[in-house]
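Just below is one structure, and these are the notes that go with it.
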Amino acid sequence: MTLTEICRTIVQWLGVPAEYQESATQILLAAIDAIIIFTFLMVAVLVIVYAFRKVVGFIQARLGPRYTGPRGIFQTIADAIKLLGKEDIIPAAADRLAFNLAPFIVFLPAFLVYLTIPFGDPKSGWQVRDLNIGVLYLVAITSITVIGIVTAGWASGNKWAVLGAMRSGAQLVSYEVPMTLVVLVPVLMAGSLKLSEIVENQGEWFWQWHVFQMFPLGLVAFVLYFVCALAETNQTPFDLPEAESELVAGYHVEYSGMKFALFFLAEFGNTVAISAIATHLFLGGWKAPFPFLPDTGIWSAFWFFLKVSTAVFLIFWVRGTLPRVRIDQLMELGWKFLLPAGLLCVTLVGLIISVRP
Amino acid sequence: MGEAIAFWVLATIIVLGALGVVTLRNLFHCALCLGLVLLSVAGIFILNGAEFLAGVQILIYVGATLVIILFAIMLSENITGERIQLASYNRTVGLVSALLFLALVTFLALTTQFPSHTSTIKDPVIAVLENVKTNTAAFGTLLLTKFIVPFEFASVFLLVALIGAIVIARTAE
């Protein structure tokens, strides 16, 4: 019995009038989808935080994540209890409504992007909704994050928070431009905005993935995307909001307890989402690297999560190793290098596609 | 049925949000209300099957225009040191122009015959729609064939505005 049939039975059992049954089933299905996405996000963040503490713990010789319980497995729980136990402080000068709203505006896009990201082969039902405008949807939804960050900084009623919000807002807006440009490269190669069709366009062998197509243009686009992704998710070397010692942190300096945790939840959720998008656009999505390996059904999910984990590990590796850049260096890199390089890459790929028969 | 519910919920949010934009005193709250309205309008686009338009609406109006508005409010408050209040002057003129605009929109909506799959009007838009898979593809095809001149004009116009803004910002230094 499929999920749709189960929902239909429940609706009939509830005694909904016949003419409304189809709508009620659809609404119930949408609600179940939302719960599935939310559960996935929570579990992913739980795993990711643990992995993050472990990886960075090993790289930077931090003691906590390696010795809290067996293999440091209680570190995430300890973090969560610490955050829950903290007092929820709202500054006197804050705009209460906007101050409380901001963490949710930041969290919302991190949750909504998973609507169209496949967790495996959509033919086996591993995707919630295969939107026609897939990639455009992802780009559009993630652009809402800036509103939340600016609101958080402004509502705190603190000039350091405002400065931090300006910094983070400028960072996000600047890196969104080259990111949107290089995302066009796989879209051009596949001739579709649908994530499922973009993955289907990539062949069975790993050198047929978009990252190795039109060598070296695919690779250049992937690297540019990865750098922009680091900046978009506030990862080192672009984690200016976390520079509490030299920049008084950033837009979230006045937040404490669970509201502060929501910002981090969104950040880790975005890290997974960015890795998943990179996997689908450049790394062959749910496909196995060789055609003789199984990649249908549950195996498609296995390959997808393996690739996403690798990408996430790469991000944490960079985070544990590199120092952070200054805001002017960050702006110069974004506007003077990434943007022209992205433009050139898209133009060349477009030229090759239009010339090729 | 589901579409009707979605429409009425979105329409209510749009009207209430738009009222918030013009009546709230705190300029930052007005801007946040504007964001809500713009998102709901994207919802209306999706209900009408124009998902590409909805995506672009969010990307440009929420992700770019609204952010610039918020930045402007934040910066001017930082410079003047006090929260900007929304004040209404010239209420009569405002009311008259609002009514005129309402009349114009109503007139256009009632008199225009909108082309659709069922109507008999032969329209290039429909002709393109029948040949391509998605309306995103139709959009792109039309922009680069039939409407290439307005499209290019808009790009040049934006470029001029961009260069102009940079020139003004530089002389102020």
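Following the order of the structure tokens, chains are lettered A, B, ..., residues in each are numbered from 1, and ligands are numbered from 1.
Neighbouring residues of A:Pro291 at 10 Å or closer, counting only C-alpha atoms and skipping chain neighbours under 6 positions away, are Gly203, Glu204, Trp205 and Phe206 of chain A.
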DSSP-assigned alpha helix (DSSP H) members of stretch 69-198 of chain A, reported as a count of residues only: 84
Please, which residues in chain A fall within 8 Å of chain B when counting only C-alpha atoms, and what is the closest atom pair and distance in Å to one decimal for each, ordered by chain then residue number, as a tab-separated table?
```
residue	atom	partner	partner_atom	distance
A:Tyr20	CA	B:Met1	CA	7.1
A:Ser23	CA	B:Gly2	CA	5.1
A:Ala24	CA	B:Gly2	CA	7.8
A:Ile27	CA	B:Gly2	CA	7.9
A:Ala98	CA	B:His29	CA	7.9
A:Asn132	CA	B:Thr134	CA	7.5
A:Ile133	CA	B:Phe52	CA	6.2
A:Leu136	CA	B:Gly55	CA	6.1
A:Tyr137	CA	B:Gly55	CA	5.6
A:Val139	CA	B:Leu59	CA	7.2
A:Ala140	CA	B:Leu59	CA	4.3
A:Ile141	CA	B:Ile58	CA	7.2
A:Ser143	CA	B:Gly63	CA	4.8
A:Ile144	CA	B:Gly63	CA	5.6
A:Val146	CA	B:Val67	CA	7.0
A:Ile147	CA	B:Val67	CA	6.2
A:Val150	CA	B:Leu70	CA	7.2
A:Trp154	CA	B:Met74	CA	6.7
A:Lys159	CA	B:Asn78	CA	7.9
A:Val162	CA	B:Met74	CA	7.6
A:Met166	CA	B:Phe71	CA	7.5
A:Val173	CA	B:Ala64	CA	7.9
```
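Going from atom CA of A:Ile81 over to atom CA of A:Leu46, you cover 13.3 Å.
Proximity ranking of A:Pro118, A:Gly125, A:Pro103, A:Pro186 relative to A:Ala152 places A:Pro103 first, based on only C-alpha atoms.
The list of residues with at least one atom within 12 Å of B:Phe151, based on only C-alpha atoms and without residues fewer than 6 positions apart in the same chain, reads Phe139, Gly140, Thr141, Leu142, Leu143, Leu144, Thr145, Phe157 and Leu158 of chain B.
Across the model, the gap from atom CA of B:Val41 to atom CA of B:Gly20 is 15.3 Å.
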